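Asks: Contents of model_21.pdb (PDB, C-alpha atoms) are below:
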ATOM      1  CA  MET Z   1     -39.609   3.385 -47.257
ATOM      2  CA  GLN Z   2     -39.112   3.922 -43.548
ATOM      3  CA  PRO Z   3     -40.964   3.194 -40.324
ATOM      4  CA  SER Z   4     -43.568   5.832 -39.554
ATOM      5  CA  ALA Z   5     -45.426   7.129 -36.534
ATOM      6  CA  GLU Z   6     -43.536   7.825 -33.378
ATOM      7  CA  ALA Z   7     -40.023   6.965 -34.565
ATOM      8  CA  ARG Z   8     -38.397   7.825 -37.869
ATOM      9  CA  PRO Z   9     -36.013  10.418 -39.373
ATOM     10  CA  PRO Z  10     -36.236  10.827 -43.175
ATOM     11  CA  GLU Z  11     -33.766  12.800 -45.294
ATOM     12  CA  ALA Z  12     -34.285  16.421 -46.299
ATOM     13  CA  THR Z  13     -34.477  18.268 -49.596
ATOM     14  CA  ALA Z  14     -36.593  21.207 -50.699
ATOM     15  CA  GLU Z  15     -39.135  21.815 -53.427
ATOM     16  CA  THR Z  16     -41.995  24.267 -53.713
ATOM     17  CA  ALA Z  17     -45.705  24.361 -54.397
ATOM     18  CA  SER Z  18     -47.880  26.938 -52.766
ATOM     19  CA  PRO Z  19     -51.664  26.900 -53.083
ATOM     20  CA  GLU Z  20     -53.027  30.139 -51.668
ATOM     21  CA  PRO Z  21     -54.718  29.753 -48.254
ATOM     22  CA  THR Z  22     -57.431  32.091 -47.093
ATOM     23  CA  LYS Z  23     -56.727  34.581 -44.334
ATOM     24  CA  ASP Z  24     -57.548  32.204 -41.481
ATOM     25  CA  GLY Z  25     -55.818  29.187 -43.012
ATOM     26  CA  GLY Z  26     -59.015  27.607 -44.292
ATOM     27  CA  SER Z  27     -59.937  27.080 -47.910
ATOM     28  CA  ASP Z  28     -62.840  25.617 -49.786
ATOM     29  CA  PRO Z  29     -62.099  22.184 -51.213
ATOM     30  CA  ALA Z  30     -63.094  21.449 -54.774
ATOM     31  CA  PRO Z  31     -66.546  19.882 -55.243
ATOM     32  CA  LYS Z  32     -66.759  16.251 -54.217
ATOM     33  CA  PRO Z  33     -67.864  14.306 -57.282
ATOM     34  CA  MET Z  34     -68.955  10.719 -57.038
ATOM     35  CA  SER Z  35     -67.093   8.177 -59.120
ATOM     36  CA  ALA Z  36     -69.183   6.592 -61.855
ATOM     37  CA  SER Z  37     -67.869   3.167 -60.890
ATOM     38  CA  PHE Z  38     -67.627   3.467 -57.108
ATOM     39  CA  ASP Z  39     -69.991   5.130 -54.650
ATOM     40  CA  GLN Z  40     -67.865   7.397 -52.435
ATOM     41  CA  SER Z  41     -70.724   8.371 -50.119
ATOM     42  CA  LEU Z  42     -70.379   7.771 -46.388
ATOM     43  CA  PRO Z  43     -71.117   4.114 -45.510
ATOM     44  CA  VAL Z  44     -73.378   3.922 -42.469
ATOM     45  CA  GLY Z  45     -74.220   0.656 -40.731
ATOM     46  CA  ASP Z  46     -72.857  -2.821 -40.244
ATOM     47  CA  LEU Z  47     -71.373  -4.885 -43.064
ATOM     48  CA  PRO Z  48     -71.115  -8.657 -43.380
ATOM     49  CA  GLY Z  49     -68.534  -9.674 -40.804
ATOM     50  CA  TRP Z  50     -68.069  -6.105 -39.529
ATOM     51  CA  ARG Z  51     -69.871  -4.056 -36.848
ATOM     52  CA  GLN Z  52     -69.661  -0.284 -37.259
ATOM     53  CA  VAL Z  53     -68.162   1.416 -34.195
ATOM     54  CA  PHE Z  54     -67.400   4.928 -35.503
ATOM     55  CA  VAL Z  55     -68.691   7.260 -38.187
ATOM     56  CA  GLU Z  56     -67.903  10.915 -38.891
ATOM     57  CA  ASP Z  57     -68.853  13.239 -41.759
ATOM     58  CA  PHE Z  58     -68.018  16.620 -40.158
ATOM     59  CA  THR Z  59     -71.500  18.044 -40.649
ATOM     60  CA  ASP Z  60     -72.225  19.099 -37.048
ATOM     61  CA  GLY Z  61     -70.891  22.573 -37.823
ATOM     62  CA  ASP Z  62     -67.715  24.540 -38.402
ATOM     63  CA  VAL Z  63     -64.708  24.738 -36.079
ATOM     64  CA  PRO Z  64     -62.233  27.566 -36.684
ATOM     65  CA  LEU Z  65     -58.497  27.170 -36.882
ATOM     66  CA  GLY Z  66     -57.314  26.896 -33.278
ATOM     67  CA  GLY Z  67     -60.613  25.480 -32.038
ATOM     68  CA  PHE Z  68     -60.403  21.785 -32.930
ATOM     69  CA  PRO Z  69     -61.881  19.456 -31.787
ATOM     70  CA  GLY Z  70     -64.501  21.851 -30.396
ATOM     71  CA  ILE Z  71     -67.989  20.492 -31.053
ATOM     72  CA  TYR Z  72     -66.369  17.246 -32.269
ATOM     73  CA  GLY Z  73     -64.656  16.649 -28.932
ATOM     74  CA  SER Z  74     -66.722  13.568 -28.110
ATOM     75  CA  ARG Z  75     -65.516  11.916 -31.316
ATOM     76  CA  TRP Z  76     -62.035  13.350 -31.940
ATOM     77  CA  HIS Z  77     -58.825  14.170 -30.131
ATOM     78  CA  GLU Z  78     -55.851  16.156 -31.422
ATOM     79  CA  THR Z  79     -53.562  13.372 -30.062
ATOM     80  CA  TYR Z  80     -50.442  15.552 -29.789
ATOM     81  CA  LYS Z  81     -50.187  19.073 -28.358
ATOM     82  CA  ASP Z  82     -48.572  21.984 -30.192
ATOM     83  CA  GLY Z  83     -44.820  21.583 -30.362
ATOM     84  CA  THR Z  84     -44.772  17.790 -30.109
ATOM     85  CA  PRO Z  85     -41.965  16.546 -32.384
ATOM     86  CA  ASP Z  86     -43.144  14.603 -35.398
ATOM     87  CA  THR Z  87     -41.286  11.646 -36.875
ATOM     88  CA  HIS Z  88     -38.618  13.777 -38.543
ATOM     89  CA  ALA Z  89     -38.108  16.099 -35.564
ATOM     90  CA  GLN Z  90     -37.493  13.211 -33.202
ATOM     91  CA  GLY Z  91     -34.046  12.990 -34.741
ATOM     92  CA  GLN Z  92     -33.324  16.653 -33.958
ATOM     93  CA  ALA Z  93     -32.203  18.324 -30.744
ATOM     94  CA  LYS Z  94     -34.821  20.190 -28.727
ATOM     95  CA  GLY Z  95     -34.744  23.843 -29.705
ATOM     96  CA  GLN Z  96     -33.459  22.974 -33.187
ATOM     97  CA  ARG Z  97     -36.501  21.158 -34.524
ATOM     98  CA  THR Z  98     -37.661  22.092 -38.004
ATOM     99  CA  SER Z  99     -40.980  20.215 -38.001
ATOM    100  CA  GLY Z 100     -43.660  19.149 -35.567
ATOM    101  CA  TYR Z 101     -47.321  18.741 -34.691
ATOM    102  CA  TYR Z 102     -49.262  21.992 -34.279
ATOM    103  CA  PRO Z 103     -52.975  21.115 -34.277
ATOM    104  CA  SER Z 104     -54.021  24.648 -33.268
ATOM    105  CA  LYS Z 105     -52.406  26.016 -36.438
ATOM    106  CA  VAL Z 106     -53.407  23.166 -38.758
ATOM    107  CA  LEU Z 107     -56.873  21.760 -37.959
ATOM    108  CA  SER Z 108     -60.267  23.268 -38.714
ATOM    109  CA  VAL Z 109     -63.673  22.079 -39.931
ATOM    110  CA  HIS Z 110     -65.741  23.843 -42.590
ATOM    111  CA  ASN Z 111     -68.007  22.990 -45.495
ATOM    112  CA  GLY Z 112     -68.383  19.440 -44.200
ATOM    113  CA  VAL Z 113     -64.673  18.537 -44.204
ATOM    114  CA  LEU Z 114     -61.793  18.364 -41.756
ATOM    115  CA  ASP Z 115     -59.167  20.733 -43.178
ATOM    116  CA  MET Z 116     -55.473  20.229 -42.426
ATOM    117  CA  PHE Z 117     -53.660  23.468 -43.356
ATOM    118  CA  LEU Z 118     -50.045  22.412 -43.892
ATOM    119  CA  HIS Z 119     -47.536  25.244 -43.814
ATOM    120  CA  SER Z 120     -44.380  26.553 -42.142
ATOM    121  CA  GLU Z 121     -43.925  29.254 -39.552
ATOM    122  CA  ASN Z 122     -40.565  30.543 -38.357
ATOM    123  CA  GLY Z 123     -38.710  27.730 -40.082
ATOM    124  CA  VAL Z 124     -40.921  24.953 -38.682
ATOM    125  CA  SER Z 125     -43.146  22.871 -40.976
ATOM    126  CA  MET Z 126     -46.415  22.088 -39.221
ATOM    127  CA  GLY Z 127     -48.653  19.055 -39.319
ATOM    128  CA  ALA Z 128     -51.200  17.296 -37.109
ATOM    129  CA  ALA Z 129     -52.275  13.771 -36.206
ATOM    130  CA  PRO Z 130     -55.900  13.692 -35.016
ATOM    131  CA  SER Z 131     -57.429  10.467 -33.697
ATOM    132  CA  PRO Z 132     -61.029   9.244 -33.757
ATOM    133  CA  ARG Z 133     -62.456   8.759 -30.279
ATOM    134  CA  PHE Z 134     -64.695   5.730 -29.793
ATOM    135  CA  ALA Z 135     -67.826   6.241 -27.722
ATOM    136  CA  GLY Z 136     -66.966   6.328 -24.027
ATOM    137  CA  ALA Z 137     -63.190   6.608 -24.531
ATOM    138  CA  THR Z 138     -61.773   9.206 -22.139
ATOM    139  CA  VAL Z 139     -58.059   8.372 -22.129
ATOM    140  CA  PRO Z 140     -55.563   7.378 -24.828
ATOM    141  CA  PRO Z 141     -55.441   5.432 -27.066
ATOM    142  CA  TYR Z 142     -59.121   6.423 -27.672
ATOM    143  CA  ASN Z 143     -59.803   3.861 -30.437
ATOM    144  CA  SER Z 144     -57.861   0.722 -29.571
ATOM    145  CA  GLN Z 145     -59.120  -2.548 -31.029
ATOM    146  CA  LEU Z 146     -57.860  -5.882 -32.269
ATOM    147  CA  TYR Z 147     -58.709  -6.190 -35.979
ATOM    148  CA  GLY Z 148     -60.987  -3.806 -37.800
ATOM    149  CA  ARG Z 149     -62.059  -2.146 -41.022
ATOM    150  CA  TYR Z 150     -61.000   1.480 -41.571
ATOM    151  CA  SER Z 151     -62.272   3.659 -44.398
ATOM    152  CA  VAL Z 152     -61.544   7.342 -45.113
ATOM    153  CA  ARG Z 153     -62.422   9.720 -47.947
ATOM    154  CA  PHE Z 154     -59.765  12.339 -48.642
ATOM    155  CA  LYS Z 155     -57.920  14.519 -51.122
ATOM    156  CA  ALA Z 156     -54.863  16.760 -50.884
ATOM    157  CA  ASP Z 157     -53.070  19.554 -52.648
ATOM    158  CA  SER Z 158     -49.787  18.575 -54.276
ATOM    159  CA  LEU Z 159     -47.296  19.608 -51.580
ATOM    160  CA  PRO Z 160     -43.689  18.462 -52.018
ATOM    161  CA  GLY Z 161     -42.191  17.580 -48.652
ATOM    162  CA  TYR Z 162     -45.491  17.083 -46.805
ATOM    163  CA  LYS Z 163     -46.791  13.568 -46.333
ATOM    164  CA  VAL Z 164     -49.464  11.432 -44.801
ATOM    165  CA  ALA Z 165     -49.069   8.126 -43.035
ATOM    166  CA  TRP Z 166     -52.560   7.425 -41.746
ATOM    167  CA  LEU Z 167     -51.799   4.420 -39.685
ATOM    168  CA  LEU Z 168     -52.604   1.691 -37.271
ATOM    169  CA  TRP Z 169     -49.928   1.815 -34.583
ATOM    170  CA  PRO Z 170     -49.494  -0.826 -31.844
ATOM    171  CA  VAL Z 171     -50.961   0.148 -28.500
ATOM    172  CA  SER Z 172     -48.007  -1.656 -26.930
ATOM    173  CA  LYS Z 173     -45.628   0.792 -28.716
ATOM    174  CA  GLN Z 174     -43.460  -2.238 -29.437
ATOM    175  CA  TRP Z 175     -42.285  -1.437 -32.948
ATOM    176  CA  PRO Z 176     -41.644  -3.189 -35.254
ATOM    177  CA  GLN Z 177     -42.391  -6.349 -33.264
ATOM    178  CA  ASP Z 178     -46.116  -5.632 -33.024
ATOM    179  CA  GLY Z 179     -46.361  -4.181 -36.536
ATOM    180  CA  GLU Z 180     -47.624  -1.067 -38.283
ATOM    181  CA  ILE Z 181     -50.218  -0.614 -41.036
ATOM    182  CA  ASP Z 182     -50.203   2.554 -43.194
ATOM    183  CA  PHE Z 183     -52.825   3.567 -45.751
ATOM    184  CA  PRO Z 184     -52.847   6.008 -47.379
ATOM    185  CA  GLU Z 185     -49.168   6.900 -47.160
ATOM    186  CA  GLY Z 186     -46.878   9.013 -49.320
ATOM    187  CA  ASP Z 187     -45.441  12.419 -50.117
ATOM    188  CA  LEU Z 188     -48.382  14.571 -51.204
ATOM    189  CA  SER Z 189     -46.693  15.581 -54.458
ATOM    190  CA  THR Z 190     -46.353  11.952 -55.576
ATOM    191  CA  VAL Z 191     -48.613   8.915 -55.345
ATOM    192  CA  ILE Z 192     -50.579   6.975 -52.762
ATOM    193  CA  TYR Z 193     -49.368   3.652 -51.430
ATOM    194  CA  ALA Z 194     -50.062   1.232 -48.574
ATOM    195  CA  ALA Z 195     -47.412  -0.290 -46.339
ATOM    196  CA  LEU Z 196     -47.179  -3.030 -43.753
ATOM    197  CA  HIS Z 197     -44.283  -3.247 -41.279
ATOM    198  CA  GLY Z 198     -43.299  -6.157 -39.071
ATOM    199  CA  ILE Z 199     -40.707  -8.807 -38.335
ATOM    200  CA  ARG Z 200     -39.739 -11.337 -40.972
ATOM    201  CA  GLU Z 201     -36.910 -13.838 -40.446
ATOM    202  CA  GLY Z 202     -35.907 -11.989 -37.292
ATOM    203  CA  ASN Z 203     -35.534  -8.547 -38.874
ATOM    204  CA  HIS Z 204     -37.661  -5.469 -39.512
ATOM    205  CA  ASN Z 205     -39.230  -5.756 -42.939
ATOM    206  CA  PHE Z 206     -42.044  -4.144 -44.880
ATOM    207  CA  ASP Z 207     -44.353  -4.784 -47.813
ATOM    208  CA  VAL Z 208     -45.577  -1.954 -50.037
ATOM    209  CA  PHE Z 209     -48.638  -1.892 -52.304
ATOM    210  CA  ARG Z 210     -48.631   0.783 -55.023
ATOM    211  CA  PRO Z 211     -51.720   1.737 -57.039
ATOM    212  CA  ASN Z 212     -49.747   4.686 -58.553
ATOM    213  CA  VAL Z 213     -52.595   7.164 -58.035
ATOM    214  CA  PRO Z 214     -51.992  10.815 -56.971
ATOM    215  CA  PHE Z 215     -53.477  12.451 -53.880
ATOM    216  CA  THR Z 216     -55.039  15.347 -55.769
ATOM    217  CA  ASP Z 217     -58.453  13.761 -56.483
ATOM    218  CA  TRP Z 218     -61.046  12.486 -54.026
ATOM    219  CA  HIS Z 219     -60.341   8.884 -53.026
ATOM    220  CA  VAL Z 220     -61.571   6.338 -50.511
ATOM    221  CA  ALA Z 221     -58.884   4.241 -48.812
ATOM    222  CA  THR Z 222     -60.035   1.150 -46.928
ATOM    223  CA  THR Z 223     -58.006  -1.243 -44.796
ATOM    224  CA  GLU Z 224     -59.481  -4.587 -43.752
ATOM    225  CA  TRP Z 225     -57.417  -6.113 -40.950
ATOM    226  CA  SER Z 226     -58.386  -9.652 -39.978
ATOM    227  CA  PRO Z 227     -56.558 -12.545 -38.293
ATOM    228  CA  GLY Z 228     -53.677 -13.483 -40.575
ATOM    229  CA  ARG Z 229     -54.826 -11.212 -43.414
ATOM    230  CA  ILE Z 230     -54.848  -7.552 -44.447
ATOM    231  CA  GLU Z 231     -56.422  -6.263 -47.653
ATOM    232  CA  PHE Z 232     -56.126  -2.713 -48.962
ATOM    233  CA  PHE Z 233     -58.749  -1.129 -51.229
ATOM    234  CA  LEU Z 234     -58.583   2.162 -53.101
ATOM    235  CA  ASP Z 235     -61.923   3.384 -54.448
ATOM    236  CA  GLY Z 236     -63.380  -0.073 -53.980
ATOM    237  CA  LYS Z 237     -60.638  -1.925 -55.867
ATOM    238  CA  SER Z 238     -58.212  -4.224 -54.082
ATOM    239  CA  ILE Z 239     -54.610  -3.068 -54.398
ATOM    240  CA  GLY Z 240     -53.088  -5.945 -52.450
ATOM    241  CA  VAL Z 241     -53.379  -8.605 -49.787
ATOM    242  CA  ALA Z 242     -50.858  -9.411 -47.049
ATOM    243  CA  THR Z 243     -50.811 -12.716 -45.214
ATOM    244  CA  SER Z 244     -47.458 -12.423 -43.448
ATOM    245  CA  MET Z 245     -46.393  -9.984 -40.694
ATOM    246  CA  VAL Z 246     -50.083  -9.372 -39.925
ATOM    247  CA  PRO Z 247     -50.333  -7.710 -36.477
ATOM    248  CA  ASN Z 248     -52.162  -9.683 -33.805
ATOM    249  CA  LYS Z 249     -52.131  -7.141 -30.972
ATOM    250  CA  PRO Z 250     -54.485  -4.165 -30.408
ATOM    251  CA  MET Z 251     -53.746  -1.091 -32.498
ATOM    252  CA  ARG Z 252     -54.790   2.572 -32.531
ATOM    253  CA  TYR Z 253     -55.780   4.637 -35.578
ATOM    254  CA  ILE Z 254     -54.134   8.033 -36.198
ATOM    255  CA  LEU Z 255     -54.409  10.410 -39.175
ATOM    256  CA  GLN Z 256     -50.697  11.210 -39.014
ATOM    257  CA  THR Z 257     -49.980  14.156 -41.310
ATOM    258  CA  GLU Z 258     -46.515  15.700 -41.217
ATOM    259  CA  SER Z 259     -43.439  16.442 -43.319
ATOM    260  CA  CYS Z 260     -40.124  15.071 -44.544
ATOM    261  CA  LEU Z 261     -40.656  11.575 -45.931
ATOM    262  CA  THR Z 262     -37.964  11.656 -48.611
ATOM    263  CA  GLY Z 263     -37.508  15.441 -48.547
ATOM    264  CA  CYS Z 264     -38.652  18.412 -46.470
ATOM    265  CA  PRO Z 265     -40.913  21.218 -47.723
ATOM    266  CA  ALA Z 266     -39.644  24.611 -48.776
ATOM    267  CA  PRO Z 267     -40.711  27.379 -46.362
ATOM    268  CA  GLU Z 268     -43.214  28.822 -48.848
ATOM    269  CA  THR Z 269     -44.953  25.506 -49.522
ATOM    270  CA  SER Z 270     -48.480  25.525 -48.103
ATOM    271  CA  GLY Z 271     -51.798  23.912 -48.833
ATOM    272  CA  HIS Z 272     -54.453  21.555 -47.568
ATOM    273  CA  VAL Z 273     -55.430  17.975 -46.886
ATOM    274  CA  TYR Z 274     -59.191  17.429 -46.706
ATOM    275  CA  VAL Z 275     -60.972  14.594 -44.903
ATOM    276  CA  ASP Z 276     -64.601  14.194 -45.982
ATOM    277  CA  TRP Z 277     -65.525  11.282 -43.761
ATOM    278  CA  VAL Z 278     -64.161   8.440 -41.636
ATOM    279  CA  ALA Z 279     -65.890   5.127 -40.911
ATOM    280  CA  ILE Z 280     -64.576   2.327 -38.704
ATOM    281  CA  TRP Z 281     -65.841  -1.184 -37.998
ATOM    282  CA  ALA Z 282     -64.901  -3.882 -35.511
ATOM    283  CA  ARG Z 283     -64.627  -7.485 -36.612
ATOM    284  CA  ASN Z 284     -67.592  -9.649 -35.596
TER     285      ASN Z 284
END
Let's see the structure in the file written out as structure tokens.
Replies:
Amino acid sequence: MQPSAEARPPEATAETASPEPTKDGGSDPAPKPMSASFDQSLPVGDLPGWRQVFVEDFTDGDVPLGGFPGIYGSRWHETYKDGTPDTHAQGQAKGQRTSGYYPSKVLSVHNGVLDMFLHSENGVSMGAAPSPRFAGATVPPYNSQLYGRYSVRFKADSLPGYKVAWLLWPVSKQWPQDGEIDFPEGDLSTVIYAALHGIREGNHNFDVFRPNVPFTDWHVATTEWSPGRIEFFLDGKSIGVATSMVPNKPMRYILQTESCLTGCPAPETSGHVYVDWVAIWARN
């Protein structure tokens, strides 16, 4: 377990798994069944104690690879331009980076989902980290707020070496002092977990919550961040509550998708992460 977002260098190994992309990098996700015990449909509207401030189901139309955010530009931003070093690449010299953010080669929208086409080109593994844009936000961090409820429906191919750390990152950029909240997080060939980073007894520390569920089925991950308390839910079931190291400064939400958590992908590894919908609430 290591700090994510804009600052960490994991180790590198190589494994392979290579779902076949279509010619333009897009693919059709498997059908999106509803769980018999949990309704995975998009939640629209306020909830007790929460006021909805953002909702997206990617049904306005398609956006080809290289065109994102396109028609979704009022609600999304690519966050980082092509060639921006990701967490792993920040530990590498410029010109020798083997991973990075390349939204023009990764992001598209089709069939009602945001498609992240994870693959390598010329020895560089490519990811992206799009951010929701709250109404009226014209400059970064686009979705800053203090406390909130964040829910996302997703699935991924099993891709050794690629990972997600969809996170709340401090607007102050003071890490780990001002905390970090990650959910879902994990190498895409393993299992989902949630993580909370902060300062405990004067040192960087973290808590991890593990439901031991793979990424390869449709799931809904929800984070409820309140004063002094964070609760993580997977498919409507609580997987843990944190009451220490809870951030109390504004944070921004980023769908950070990259490579090299505990190992880096083999060059031939390629596949997709699909985002069906995102819903965000502010605390009343």
Asks: Can you give me, as a ChimeraX atom specification, the residues this file yields under the PyMOL selection byres ((chain Z and resi 282) around 12)?
Replies: /Z:45-54,134,143-151,223-226,250-251,279-281,283-284
Asks: Apply the PyMOL selection byres ((chain Z and resi 206) around 7) to the displayed file and report the matching residues as a PDB file with C-alpha atoms, in the coordinates of the input.
Replies:
ATOM      1  CA  ALA Z 195     -47.412  -0.290 -46.339  1.00  0.00           C
ATOM      2  CA  LEU Z 196     -47.179  -3.030 -43.753  1.00  0.00           C
ATOM      3  CA  HIS Z 197     -44.283  -3.247 -41.279  1.00  0.00           C
ATOM      4  CA  GLY Z 198     -43.299  -6.157 -39.071  1.00  0.00           C
ATOM      5  CA  ASN Z 205     -39.230  -5.756 -42.939  1.00  0.00           C
ATOM      6  CA  ASP Z 207     -44.353  -4.784 -47.813  1.00  0.00           C
ATOM      7  CA  VAL Z 208     -45.577  -1.954 -50.037  1.00  0.00           C
TER       8      VAL Z 208
END
Asks: Given the file above and the PyMOL selection byres ((chain Z and resi 232) around 9), which residues are selected, and can you give them as a PyMOL selection string?
Replies: chain Z and resi 183+194+209+221-225+230-231+233-234+237-242
Asks: Considering only C-alpha atoms, can you say which of Z:Pro85, Z:Gly127, Z:Pro141, Z:Gly70 comes closest to His272 (chain Z)?
Replies: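 Nearest candidate to His272 (chain Z) out of Z:Pro85, Z:Gly127, Z:Pro141, Z:Gly70: Z:Gly127.
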Asks: Quick one: residues within 7 Å of Val278 (chain Z), all atoms listed in the file counted, chain neighbours fewer than 4 positions away excluded, as a ChimeraX atom specification?
Replies: /Z:55-57,151-153
Asks: For each of Z:Gly61, Z:Pro184, Z:Gly91, Z:Pro132, take the minimum atom-to-atom distance to Asn111 (chain Z), counting all atoms listed in the file, then give the residue where this is smallest.
Replies: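 The answer is Z:Gly61, which sits nearest to Asn111 (chain Z).
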Asks: Between CA of Val273 (chain Z) and CA of Thr216 (chain Z), what is the distance, to one decimal in Å?
Replies: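 Straight-line distance from CA of Val273 (chain Z) to CA of Thr216 (chain Z) works out to 9.3 Å.
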Asks: Enter the distance from CA of Ser108 (chain Z) to CA of Phe154 (chain Z), in Å, rounded to one decimal.
Replies: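 Going from CA of Ser108 (chain Z) over to CA of Phe154 (chain Z), I get 14.8 Å.
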Asks: In Å to one decimal, how far is CA of Asp62 (chain Z) from CA of Lys105 (chain Z)?
Replies: 15.5 Å
Asks: Given the choices Z:Trp76, Z:Tyr162, Z:Phe117, Z:Tyr102, which gets closest to Cys260 (chain Z) if the distance is worked out from only C-alpha atoms?
Replies: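 So, comparing all the options, the nearest one is Z:Tyr162.
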Asks: Rank Z:Ile181, Z:Val63, Z:Val124, Z:Ala135 by their smallest atom-to-atom distance to Val109 (chain Z), using all atoms listed in the file, and report the top residue only.
Replies: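 Closest to Val109 (chain Z), using all atoms listed in the file: Z:Val63.
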Asks: With distances taken over only C-alpha atoms, which of Z:Phe38, Z:Tyr274, Z:Trp175, Z:Tyr193 is nearest to Gly112 (chain Z)?
Replies: Z:Tyr274
Asks: Taking into account only C-alpha atoms, which residue in the set Z:Ser131, Z:Ser99, Z:Thr87, Z:Ser41 is nearest to Pro69 (chain Z)?
Replies: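 When distances to Pro69 (chain Z) are compared using only C-alpha atoms, the smallest one comes from Z:Ser131.
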